[in-house]
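**Student:** I am sharing protein_2.cif, which consists of mmCIF, C-alpha atoms:
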```
data_final
#
loop_
_atom_site.group_PDB
_atom_site.id
_atom_site.type_symbol
_atom_site.label_atom_id
_atom_site.label_comp_id
_atom_site.auth_asym_id
_atom_site.auth_seq_id
_atom_site.Cartn_x
_atom_site.Cartn_y
_atom_site.Cartn_z
ATOM 1 C CA MET A 1 9.078 -3.294 -80.356
ATOM 2 C CA THR A 2 5.936 -1.187 -80.556
ATOM 3 C CA LEU A 3 3.256 -0.233 -78.070
ATOM 4 C CA GLN A 4 0.665 -2.024 -80.216
ATOM 5 C CA GLN A 5 2.671 -5.239 -80.056
ATOM 6 C CA LEU A 6 2.769 -4.999 -76.273
ATOM 7 C CA LEU A 7 -0.996 -4.430 -76.180
ATOM 8 C CA TYR A 8 -1.524 -7.546 -78.311
ATOM 9 C CA PHE A 9 0.868 -9.516 -76.088
ATOM 10 C CA LEU A 10 -1.027 -8.453 -72.953
ATOM 11 C CA ALA A 11 -4.367 -9.357 -74.503
ATOM 12 C CA VAL A 12 -3.158 -12.890 -75.282
ATOM 13 C CA ALA A 13 -1.509 -13.214 -71.865
ATOM 14 C CA GLU A 14 -4.731 -12.222 -70.076
ATOM 15 C CA THR A 15 -7.176 -14.234 -72.213
ATOM 16 C CA ARG A 16 -4.829 -17.184 -72.944
ATOM 17 C CA HIS A 17 -6.504 -17.329 -76.349
ATOM 18 C CA PHE A 18 -5.484 -15.687 -79.637
ATOM 19 C CA THR A 19 -9.008 -15.386 -81.047
ATOM 20 C CA ARG A 20 -10.436 -13.810 -77.880
ATOM 21 C CA ALA A 21 -7.411 -11.503 -77.690
ATOM 22 C CA ALA A 22 -8.097 -10.373 -81.254
ATOM 23 C CA GLU A 23 -11.746 -9.683 -80.381
ATOM 24 C CA ARG A 24 -10.691 -7.664 -77.335
ATOM 25 C CA THR A 25 -8.282 -5.499 -79.355
ATOM 26 C CA TYR A 26 -10.600 -5.170 -82.406
ATOM 27 C CA VAL A 27 -8.139 -6.667 -84.880
ATOM 28 C CA ALA A 28 -8.195 -9.702 -87.149
ATOM 29 C CA GLN A 29 -6.702 -12.767 -85.494
ATOM 30 C CA PRO A 30 -4.062 -13.344 -88.245
ATOM 31 C CA SER A 31 -2.853 -9.754 -87.849
ATOM 32 C CA LEU A 32 -2.569 -10.120 -84.081
ATOM 33 C CA SER A 33 -0.672 -13.408 -84.420
ATOM 34 C CA LYS A 34 1.695 -11.811 -86.942
ATOM 35 C CA GLN A 35 2.488 -8.928 -84.579
ATOM 36 C CA VAL A 36 3.086 -11.287 -81.648
ATOM 37 C CA ARG A 37 5.457 -13.374 -83.797
ATOM 38 C CA ALA A 38 7.274 -10.198 -84.830
ATOM 39 C CA LEU A 39 7.689 -9.289 -81.159
ATOM 40 C CA GLU A 40 9.028 -12.770 -80.410
ATOM 41 C CA ASP A 41 11.480 -12.498 -83.336
ATOM 42 C CA GLU A 42 12.749 -9.149 -82.066
ATOM 43 C CA LEU A 43 13.172 -10.447 -78.513
ATOM 44 C CA GLY A 44 14.725 -13.683 -79.699
ATOM 45 C CA ALA A 45 12.518 -15.951 -77.619
ATOM 46 C CA PRO A 46 9.004 -17.426 -77.796
ATOM 47 C CA LEU A 47 6.544 -15.711 -75.456
ATOM 48 C CA PHE A 48 3.781 -18.318 -75.599
ATOM 49 C CA SER A 49 3.574 -22.079 -75.648
ATOM 50 C CA ARG A 50 0.880 -23.073 -78.142
ATOM 51 C CA ALA A 51 0.585 -26.829 -77.527
ATOM 52 C CA ARG A 52 -2.750 -28.247 -78.774
ATOM 53 C CA GLY A 53 -4.542 -24.935 -78.524
ATOM 54 C CA ASN A 54 -3.539 -24.463 -74.887
ATOM 55 C CA VAL A 55 -1.856 -21.046 -74.769
ATOM 56 C CA THR A 56 0.472 -20.495 -71.798
ATOM 57 C CA LEU A 57 3.281 -18.076 -71.071
ATOM 58 C CA THR A 58 6.852 -19.251 -71.519
ATOM 59 C CA PRO A 59 9.524 -18.105 -69.020
ATOM 60 C CA ALA A 60 10.323 -15.255 -71.418
ATOM 61 C CA GLY A 61 6.637 -14.315 -71.498
ATOM 62 C CA GLU A 62 6.419 -14.395 -67.701
ATOM 63 C CA ALA A 63 9.421 -12.051 -67.520
ATOM 64 C CA LEU A 64 7.932 -9.644 -70.066
ATOM 65 C CA LEU A 65 4.425 -9.541 -68.532
ATOM 66 C CA PRO A 66 5.017 -7.121 -65.590
ATOM 67 C CA ILE A 67 7.299 -4.945 -67.725
ATOM 68 C CA ALA A 68 4.716 -4.688 -70.490
ATOM 69 C CA ARG A 69 2.015 -3.783 -67.971
ATOM 70 C CA ARG A 70 4.163 -0.990 -66.562
ATOM 71 C CA ILE A 71 5.012 0.363 -70.020
ATOM 72 C CA VAL A 72 1.367 0.447 -71.107
ATOM 73 C CA ALA A 73 0.306 2.017 -67.799
ATOM 74 C CA ASP A 74 3.042 4.660 -68.050
ATOM 75 C CA VAL A 75 2.038 5.565 -71.609
ATOM 76 C CA ASP A 76 -1.546 5.935 -70.402
ATOM 77 C CA THR A 77 -0.340 8.170 -67.576
ATOM 78 C CA ALA A 78 1.670 10.292 -70.030
ATOM 79 C CA ARG A 79 -1.423 10.819 -72.177
ATOM 80 C CA LEU A 80 -3.426 11.902 -69.162
ATOM 81 C CA GLU A 81 -0.658 14.261 -68.024
ATOM 82 C CA VAL A 82 -0.618 16.005 -71.392
ATOM 83 C CA ALA A 83 -4.408 16.220 -71.415
ATOM 84 C CA GLU A 84 -4.293 17.850 -67.993
ATOM 85 C CA LEU A 85 -2.381 20.812 -69.370
ATOM 86 C CA VAL A 86 -5.788 22.326 -70.001
ATOM 87 C CA GLY A 87 -6.440 22.134 -66.241
ATOM 88 C CA LEU A 88 -8.255 19.758 -63.932
ATOM 89 C CA ARG A 89 -11.381 19.804 -66.039
ATOM 90 C CA ARG A 90 -10.877 16.264 -67.285
ATOM 91 C CA GLY A 91 -8.676 13.290 -66.610
ATOM 92 C CA ARG A 92 -8.664 10.193 -64.457
ATOM 93 C CA VAL A 93 -7.273 9.058 -61.147
ATOM 94 C CA ARG A 94 -7.059 5.385 -60.181
ATOM 95 C CA VAL A 95 -7.096 4.858 -56.435
ATOM 96 C CA GLY A 96 -7.193 1.777 -54.261
ATOM 97 C CA ALA A 97 -8.236 1.261 -50.654
ATOM 98 C CA THR A 98 -8.738 -1.584 -48.226
ATOM 99 C CA PRO A 99 -12.339 -2.717 -47.517
ATOM 100 C CA SER A 100 -12.310 -1.275 -43.982
ATOM 101 C CA LEU A 101 -11.517 2.165 -45.392
ATOM 102 C CA CYS A 102 -13.916 2.038 -48.335
ATOM 103 C CA VAL A 103 -16.895 1.828 -45.991
ATOM 104 C CA THR A 104 -15.751 4.710 -43.752
ATOM 105 C CA VAL A 105 -13.763 7.944 -44.228
ATOM 106 C CA PHE A 106 -12.579 7.063 -47.732
ATOM 107 C CA ALA A 107 -16.110 7.256 -49.118
ATOM 108 C CA ASP A 108 -16.419 10.827 -47.819
ATOM 109 C CA VAL A 109 -13.122 11.759 -49.504
ATOM 110 C CA LEU A 110 -14.341 10.338 -52.820
ATOM 111 C CA HIS A 111 -17.546 12.370 -52.560
ATOM 112 C CA ARG A 112 -15.642 15.558 -51.750
ATOM 113 C CA PHE A 113 -13.181 15.062 -54.614
ATOM 114 C CA HIS A 114 -15.973 14.389 -57.114
ATOM 115 C CA ARG A 115 -17.780 17.527 -55.983
ATOM 116 C CA GLU A 116 -14.647 19.671 -56.399
ATOM 117 C CA TYR A 117 -13.439 18.045 -59.649
ATOM 118 C CA PRO A 118 -16.528 16.680 -61.437
ATOM 119 C CA GLY A 119 -14.659 16.222 -64.714
ATOM 120 C CA ILE A 120 -12.120 13.811 -63.242
ATOM 121 C CA GLU A 121 -13.059 10.153 -63.578
ATOM 122 C CA LEU A 122 -12.573 8.174 -60.367
ATOM 123 C CA VAL A 123 -11.583 4.526 -60.743
ATOM 124 C CA VAL A 124 -11.650 2.806 -57.353
ATOM 125 C CA GLU A 125 -10.266 -0.638 -56.524
ATOM 126 C CA GLU A 126 -11.191 -2.246 -53.209
ATOM 127 C CA SER A 127 -8.737 -4.934 -52.170
ATOM 128 C CA GLY A 128 -6.308 -6.089 -49.503
ATOM 129 C CA SER A 129 -3.041 -4.244 -48.969
ATOM 130 C CA LYS A 130 -0.909 -6.935 -50.622
ATOM 131 C CA ASP A 131 -3.008 -6.803 -53.781
ATOM 132 C CA LEU A 132 -2.934 -2.998 -53.760
ATOM 133 C CA VAL A 133 0.867 -2.981 -53.496
ATOM 134 C CA ARG A 134 1.023 -5.329 -56.471
ATOM 135 C CA ALA A 135 -1.359 -3.140 -58.485
ATOM 136 C CA LEU A 136 0.699 -0.027 -57.705
ATOM 137 C CA THR A 137 4.006 -1.608 -58.731
ATOM 138 C CA HIS A 138 2.417 -2.861 -61.972
ATOM 139 C CA GLY A 139 1.237 0.657 -62.793
ATOM 140 C CA GLU A 140 -2.453 -0.268 -62.488
ATOM 141 C CA LEU A 141 -3.130 2.353 -59.772
ATOM 142 C CA ASP A 142 -1.979 5.925 -59.219
ATOM 143 C CA LEU A 143 -2.471 5.941 -55.437
ATOM 144 C CA ALA A 144 -3.486 3.471 -52.759
ATOM 145 C CA VAL A 145 -4.590 3.871 -49.154
ATOM 146 C CA LEU A 146 -3.365 0.738 -47.445
ATOM 147 C CA ILE A 147 -2.001 -0.777 -44.268
ATOM 148 C CA ALA A 148 1.653 0.155 -43.818
ATOM 149 C CA ALA A 149 3.897 -2.880 -43.558
ATOM 150 C CA GLY A 150 7.503 -3.434 -44.592
ATOM 151 C CA GLU A 151 9.354 -1.032 -46.842
ATOM 152 C CA GLU A 152 8.684 -1.416 -50.566
ATOM 153 C CA ALA A 153 11.575 -0.072 -52.623
ATOM 154 C CA ALA A 154 9.283 0.665 -55.572
ATOM 155 C CA LEU A 155 6.842 2.701 -53.479
ATOM 156 C CA THR A 156 6.814 5.946 -51.526
ATOM 157 C CA SER A 157 4.297 6.260 -48.702
ATOM 158 C CA VAL A 158 3.182 8.792 -46.111
ATOM 159 C CA PRO A 159 1.376 7.807 -42.862
ATOM 160 C CA LEU A 160 -2.237 9.005 -42.747
ATOM 161 C CA LEU A 161 -3.887 7.486 -39.684
ATOM 162 C CA ARG A 162 -3.137 5.251 -36.733
ATOM 163 C CA GLU A 163 -6.045 3.052 -35.706
ATOM 164 C CA ARG A 164 -6.665 0.741 -32.761
ATOM 165 C CA LEU A 165 -8.027 -2.758 -33.271
ATOM 166 C CA VAL A 166 -10.985 -3.683 -31.073
ATOM 167 C CA VAL A 167 -13.023 -6.782 -30.343
ATOM 168 C CA ALA A 168 -16.387 -6.551 -32.098
ATOM 169 C CA SER A 169 -19.292 -8.313 -30.399
ATOM 170 C CA PRO A 170 -23.102 -8.090 -30.599
ATOM 171 C CA ALA A 171 -24.360 -4.922 -28.876
ATOM 172 C CA GLY A 172 -26.024 -6.999 -26.169
ATOM 173 C CA VAL A 173 -22.800 -8.803 -25.225
ATOM 174 C CA ASP A 174 -20.781 -6.829 -22.669
ATOM 175 C CA LEU A 175 -17.147 -7.897 -22.648
ATOM 176 C CA GLY A 176 -16.211 -5.329 -20.022
ATOM 177 C CA ALA A 177 -14.261 -2.116 -20.334
ATOM 178 C CA GLU A 178 -11.313 -3.872 -22.017
ATOM 179 C CA VAL A 179 -10.449 -7.310 -23.340
ATOM 180 C CA ARG A 180 -7.089 -8.941 -22.768
ATOM 181 C CA LEU A 181 -5.903 -10.828 -25.824
ATOM 182 C CA THR A 182 -5.626 -14.086 -23.873
ATOM 183 C CA GLU A 183 -9.365 -13.863 -23.093
ATOM 184 C CA LEU A 184 -10.002 -14.698 -26.736
ATOM 185 C CA ARG A 185 -8.506 -18.151 -26.201
ATOM 186 C CA ASP A 186 -11.921 -19.627 -25.370
ATOM 187 C CA ARG A 187 -14.098 -17.343 -27.509
ATOM 188 C CA PRO A 188 -15.008 -18.435 -31.059
ATOM 189 C CA LEU A 189 -13.672 -15.935 -33.591
ATOM 190 C CA VAL A 190 -15.179 -14.916 -36.892
ATOM 191 C CA MET A 191 -12.142 -14.811 -39.151
ATOM 192 C CA PHE A 192 -11.365 -13.125 -42.452
ATOM 193 C CA ARG A 193 -10.348 -14.988 -45.587
ATOM 194 C CA GLU A 194 -6.800 -16.109 -46.369
ATOM 195 C CA GLY A 195 -4.589 -13.230 -47.476
ATOM 196 C CA TYR A 196 -6.624 -10.619 -45.602
ATOM 197 C CA ASP A 197 -4.369 -8.282 -43.593
ATOM 198 C CA LEU A 198 -6.484 -8.490 -40.434
ATOM 199 C CA ARG A 199 -6.364 -12.275 -40.495
ATOM 200 C CA ASP A 200 -2.558 -12.277 -40.463
ATOM 201 C CA THR A 201 -2.404 -9.585 -37.759
ATOM 202 C CA THR A 202 -4.855 -11.410 -35.485
ATOM 203 C CA LEU A 203 -3.282 -14.837 -35.878
ATOM 204 C CA GLN A 204 0.231 -13.518 -35.271
ATOM 205 C CA ALA A 205 -0.882 -11.705 -32.099
ATOM 206 C CA CYS A 206 -2.705 -14.782 -30.745
ATOM 207 C CA ARG A 207 0.234 -17.086 -31.423
ATOM 208 C CA ALA A 208 2.607 -14.615 -29.781
ATOM 209 C CA ALA A 209 0.298 -14.744 -26.743
ATOM 210 C CA GLY A 210 0.628 -18.534 -26.657
ATOM 211 C CA PHE A 211 -2.559 -19.856 -28.244
ATOM 212 C CA THR A 212 -4.248 -20.644 -31.532
ATOM 213 C CA PRO A 213 -7.772 -19.190 -31.747
ATOM 214 C CA VAL A 214 -10.897 -21.254 -32.358
ATOM 215 C CA PHE A 215 -12.853 -20.233 -35.452
ATOM 216 C CA ALA A 216 -16.636 -20.021 -35.507
ATOM 217 C CA ALA A 217 -16.543 -19.101 -39.189
ATOM 218 C CA GLN A 218 -13.859 -17.959 -41.593
ATOM 219 C CA GLY A 219 -13.438 -16.814 -45.158
ATOM 220 C CA GLY A 220 -15.412 -13.574 -45.124
ATOM 221 C CA GLU A 221 -14.841 -10.023 -46.316
ATOM 222 C CA MET A 222 -15.412 -7.087 -43.946
ATOM 223 C CA ASP A 223 -19.188 -6.739 -44.384
ATOM 224 C CA ALA A 224 -19.736 -10.482 -44.047
ATOM 225 C CA VAL A 225 -17.579 -10.743 -40.920
ATOM 226 C CA LEU A 226 -19.439 -7.883 -39.221
ATOM 227 C CA ARG A 227 -22.785 -9.409 -40.120
ATOM 228 C CA PHE A 228 -21.702 -12.799 -38.730
ATOM 229 C CA VAL A 229 -20.798 -11.084 -35.461
ATOM 230 C CA GLU A 230 -24.134 -9.266 -35.379
ATOM 231 C CA VAL A 231 -26.064 -12.541 -35.526
ATOM 232 C CA GLY A 232 -23.953 -14.028 -32.726
ATOM 233 C CA LEU A 233 -21.626 -16.476 -34.487
ATOM 234 C CA GLY A 234 -18.657 -15.151 -32.526
ATOM 235 C CA VAL A 235 -16.484 -12.099 -31.993
ATOM 236 C CA ALA A 236 -13.955 -10.560 -34.375
ATOM 237 C CA VAL A 237 -10.866 -8.375 -34.150
ATOM 238 C CA VAL A 238 -11.519 -5.377 -36.391
ATOM 239 C CA PRO A 239 -10.475 -1.728 -36.839
ATOM 240 C CA SER A 240 -12.475 0.524 -34.545
ATOM 241 C CA LEU A 241 -13.539 2.782 -37.427
ATOM 242 C CA VAL A 242 -15.622 0.096 -39.173
ATOM 243 C CA LEU A 243 -18.084 0.024 -36.249
ATOM 244 C CA ALA A 244 -19.280 3.586 -36.872
ATOM 245 C CA GLY A 245 -22.935 3.506 -37.891
ATOM 246 C CA ARG A 246 -23.444 -0.096 -36.762
ATOM 247 C CA PRO A 247 -25.604 0.109 -33.624
ATOM 248 C CA ALA A 248 -25.979 -3.677 -33.527
ATOM 249 C CA LEU A 249 -22.276 -4.026 -32.711
ATOM 250 C CA ARG A 250 -20.143 -3.087 -29.710
ATOM 251 C CA GLY A 251 -16.394 -2.447 -29.878
ATOM 252 C CA THR A 252 -14.272 -3.236 -26.819
ATOM 253 C CA PRO A 253 -10.635 -2.035 -26.663
ATOM 254 C CA LEU A 254 -8.101 -4.835 -26.930
ATOM 255 C CA ILE A 255 -5.184 -4.767 -24.475
ATOM 256 C CA ALA A 256 -2.162 -6.797 -23.447
ATOM 257 C CA PRO A 257 -1.084 -6.121 -26.048
ATOM 258 C CA GLU A 258 -2.915 -3.194 -27.579
ATOM 259 C CA ILE A 259 -2.856 -3.769 -31.314
ATOM 260 C CA THR A 260 -2.637 -0.783 -33.622
ATOM 261 C CA ARG A 261 -1.859 -0.352 -37.273
ATOM 262 C CA THR A 262 -0.898 2.543 -39.501
ATOM 263 C CA ILE A 263 -2.784 3.507 -42.638
ATOM 264 C CA ALA A 264 -0.594 5.066 -45.327
ATOM 265 C CA LEU A 265 -0.993 6.665 -48.732
ATOM 266 C CA ALA A 266 1.338 5.016 -51.243
ATOM 267 C CA GLN A 267 2.430 5.719 -54.811
ATOM 268 C CA ARG A 268 5.168 4.540 -57.149
ATOM 269 C CA THR A 269 8.572 6.074 -56.494
ATOM 270 C CA ASP A 270 9.694 6.145 -60.130
ATOM 271 C CA VAL A 271 6.623 7.847 -61.649
ATOM 272 C CA ALA A 272 5.574 11.421 -60.949
ATOM 273 C CA PRO A 273 1.871 11.607 -60.006
ATOM 274 C CA THR A 274 -0.516 13.203 -62.468
ATOM 275 C CA ASN A 275 -2.189 16.490 -61.646
ATOM 276 C CA ALA A 276 -5.385 14.580 -60.865
ATOM 277 C CA ALA A 277 -3.539 12.237 -58.489
ATOM 278 C CA ARG A 278 -1.906 15.201 -56.738
ATOM 279 C CA ALA A 279 -5.301 16.866 -56.361
ATOM 280 C CA PHE A 280 -6.753 13.685 -54.863
ATOM 281 C CA ARG A 281 -3.856 13.445 -52.418
ATOM 282 C CA GLU A 282 -4.424 17.037 -51.277
ATOM 283 C CA THR A 283 -8.170 16.438 -50.912
ATOM 284 C CA LEU A 284 -7.516 13.376 -48.750
ATOM 285 C CA LEU A 285 -4.960 15.089 -46.498
ATOM 286 C CA THR A 286 -7.127 18.192 -46.109
ATOM 287 C CA HIS A 287 -10.187 16.123 -45.223
ATOM 288 C CA LEU A 288 -8.341 14.175 -42.517
ATOM 289 C CA GLU A 289 -6.819 17.333 -41.049
ATOM 290 C CA GLU A 290 -10.251 18.979 -40.866
ATOM 291 C CA LEU A 291 -11.693 15.923 -39.093
ATOM 292 C CA HIS A 292 -8.828 16.057 -36.610
ATOM 293 C CA ARG A 293 -9.293 19.764 -35.877
ATOM 294 C CA ALA A 294 -13.039 19.295 -35.442
ATOM 295 C CA GLY A 295 -12.511 16.294 -33.151
ATOM 296 C CA THR A 296 -14.669 14.113 -35.394
ATOM 297 C CA LEU A 297 -12.229 11.375 -36.350
ATOM 298 C CA PRO A 298 -13.803 7.962 -35.635
ATOM 299 C CA ALA A 299 -13.218 6.552 -32.152
ATOM 300 C CA GLY A 300 -9.881 4.804 -31.819
ATOM 301 C CA VAL A 301 -8.388 6.657 -34.803
ATOM 302 C CA GLU A 302 -5.822 9.463 -34.662
ATOM 303 C CA LEU A 303 -3.360 11.226 -36.910
ATOM 304 C CA PRO A 304 0.223 9.926 -36.532
ATOM 305 C CA GLY A 305 2.338 12.077 -34.264
ATOM 306 C CA ARG A 306 -0.679 13.874 -32.711
#
```
Starting from the file, give its structure as C-alpha cells.

**Tutor:**
Amino acid sequence: MTLQQLLYFLAVAETRHFTRAAERTYVAQPSLSKQVRALEDELGAPLFSRARGNVTLTPAGEALLPIARRIVADVDTARLEVAELVGLRRGRVRVGATPSLCVTVFADVLHRFHREYPGIELVVEESGSKDLVRALTHGELDLAVLIAAGEEAALTSVPLLRERLVVASPAGVDLGAEVRLTELRDRPLVMFREGYDLRDTTLQACRAAGFTPVFAAQGGEMDAVLRFVEVGLGVAVVPSLVLAGRPALRGTPLIAPEITRTIALAQRTDVAPTNAARAFRETLLTHLEELHRAGTLPAGVELPGR
C-alpha cells in the first residue's frame, strides 16, 4: 500500500467517478484505475462497486475511507513539521470555529496571529461543533474552537470561555430586566437549522420547562437569524457575545434556568500539534487573558474558574 494509492482512492471516493478523480490527481485514468485495483488486490477486497458507471463505496471502502483520510492528513502534518524546523517563517495551521465565534473574538485572534506570523497560512473552517469534531478526528483540522459537550476519546480539549445565552429581540422591544424561560412559550422564536448546536440547546431547555416553542422562522445560520430578529419576525436564544456591534438588537438575560455553555479549544489526542498550531494556541490564550485583565471581554462572557 502506497500513499499515492490512498490519494487515488480518496479522489475516487470523493468524486464517485474515475475520470474526474484522474483529472483531480493529474494522472491518466487507466493508470489511476490500475493503482486502485492494485490496492484492492493487496487488501483482498473490492473498494468500489462499479455497476453501470455508478461508482459507490463497498463496505470495505467505507471502512478504509476515514483511515485513509487520517493517514494522508498525518503525512501532510509531518511534512509541515519538518518544514518548520527553519522556524515559524512558513507553514500552515488549519483551525475551525463555530459561526458565533467567527464573527466575534475569533476574528481578532486571527488578525493578531497573521500580524505576528505573516508567513503562516491560515485555513479557517466555519461550522457547527459536531462537524468540527468530525473534521478534527479525520485529521482535516489542527485545532478547533467549539462548544464543549460530551467527552471525545480521540480529542483533548481545554476550556476557554463560559458564555451566557440571552434572548435577542429588536432594540425597541423591552422584555424587562430578565426573561424566564417559560415566558417564551407564547413568543414566536427564530430558530437555527437542524444540527445547529444552539437549536438543540434551546429545544432541550424548552422541553425540560414543559413546552414546545412556536417557530416564526427556522433554518437559518447565525447572521440570518439575527437579521430575522432585527426585522421583527420573532426573538431568538443566542450567545450574548454575538450581539456586540449590533445596535438594532437587545439582549435580555435568560433565567429559570440560566443557560450557559463552555467554549473549548480541541485537538487530536494522538497527534502532536505542529509548531504553527502551538503558536496559534498561545496567541489565542494570550489574547483572551489580556481581554480578561482589561475587563473588555464581551458582556455575558467570562473565563472559566474566574

**Student:** Name the residues captured by the PyMOL selection byres ((chain A and resi 137) around 12) when it is applied to the shown file; answer as a PyMOL selection string.

**Tutor:** chain A and resi 66-67+69-71+73-74+130-136+138-144+152-156+266-271

**Student:** For this structure, which residues satisfy the selection - the PyMOL selection byres ((chain A and resi 91-108) around 8) - when it is evaluated on the file as given? I want them as a VMD selection string.

**Tutor:** chain A and resid 80 83 to 84 88 to 90 109 to 112 119 to 129 132 140 to 147 221 to 222 239 241 to 242 244 276 to 277 280

**Student:** Measuring atom to atom with all atoms listed in the file, identify which of A:Gly61, A:Pro257, A:Pro304, A:Gly219 is nearest to Cys206 (chain A).

**Tutor:**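 For Cys206 (chain A), the nearest of the given residues is A:Pro257.
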
**Student:** Using all atoms listed in the file, which of the listed residues (A:Val190, A:Leu285, A:Phe48, A:Ala209) sits closest to Glu230 (chain A)?

**Tutor:**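 Using all atoms listed in the file, Glu230 (chain A) sits closest to A:Val190.
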
**Student:** So, counting all atoms listed in the file, which residue among A:Leu65, A:Leu303, A:Gly232, A:Tyr196 is closest to His287 (chain A)?

**Tutor:**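 Among A:Leu65, A:Leu303, A:Gly232, A:Tyr196, it is A:Leu303 that comes nearest to His287 (chain A).
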
**Student:** From the coordinates supplied, region 138-152 of chain A should be written with C-alpha atoms, as a compact mmCIF listing (two decimals), in the first residue's frame.

**Tutor:**
```
# COMPACT_ATOMS: atom_id res chain seq x y z
CA HIS A 138 -10.46 12.82 10.42
CA GLY A 139 -7.27 14.88 10.55
CA GLU A 140 -8.74 17.71 8.45
CA LEU A 141 -8.12 20.36 11.15
CA ASP A 142 -5.27 21.02 13.57
CA LEU A 143 -7.36 22.90 16.15
CA ALA A 144 -11.00 23.81 16.66
CA VAL A 145 -12.76 26.28 18.93
CA LEU A 146 -16.10 24.68 19.65
CA ILE A 147 -18.86 24.17 22.17
CA ALA A 148 -17.79 21.67 24.82
CA ALA A 149 -20.13 18.70 25.03
CA GLY A 150 -19.51 15.07 25.95
CA GLU A 151 -16.04 13.61 26.19
CA GLU A 152 -14.46 12.58 22.89
```
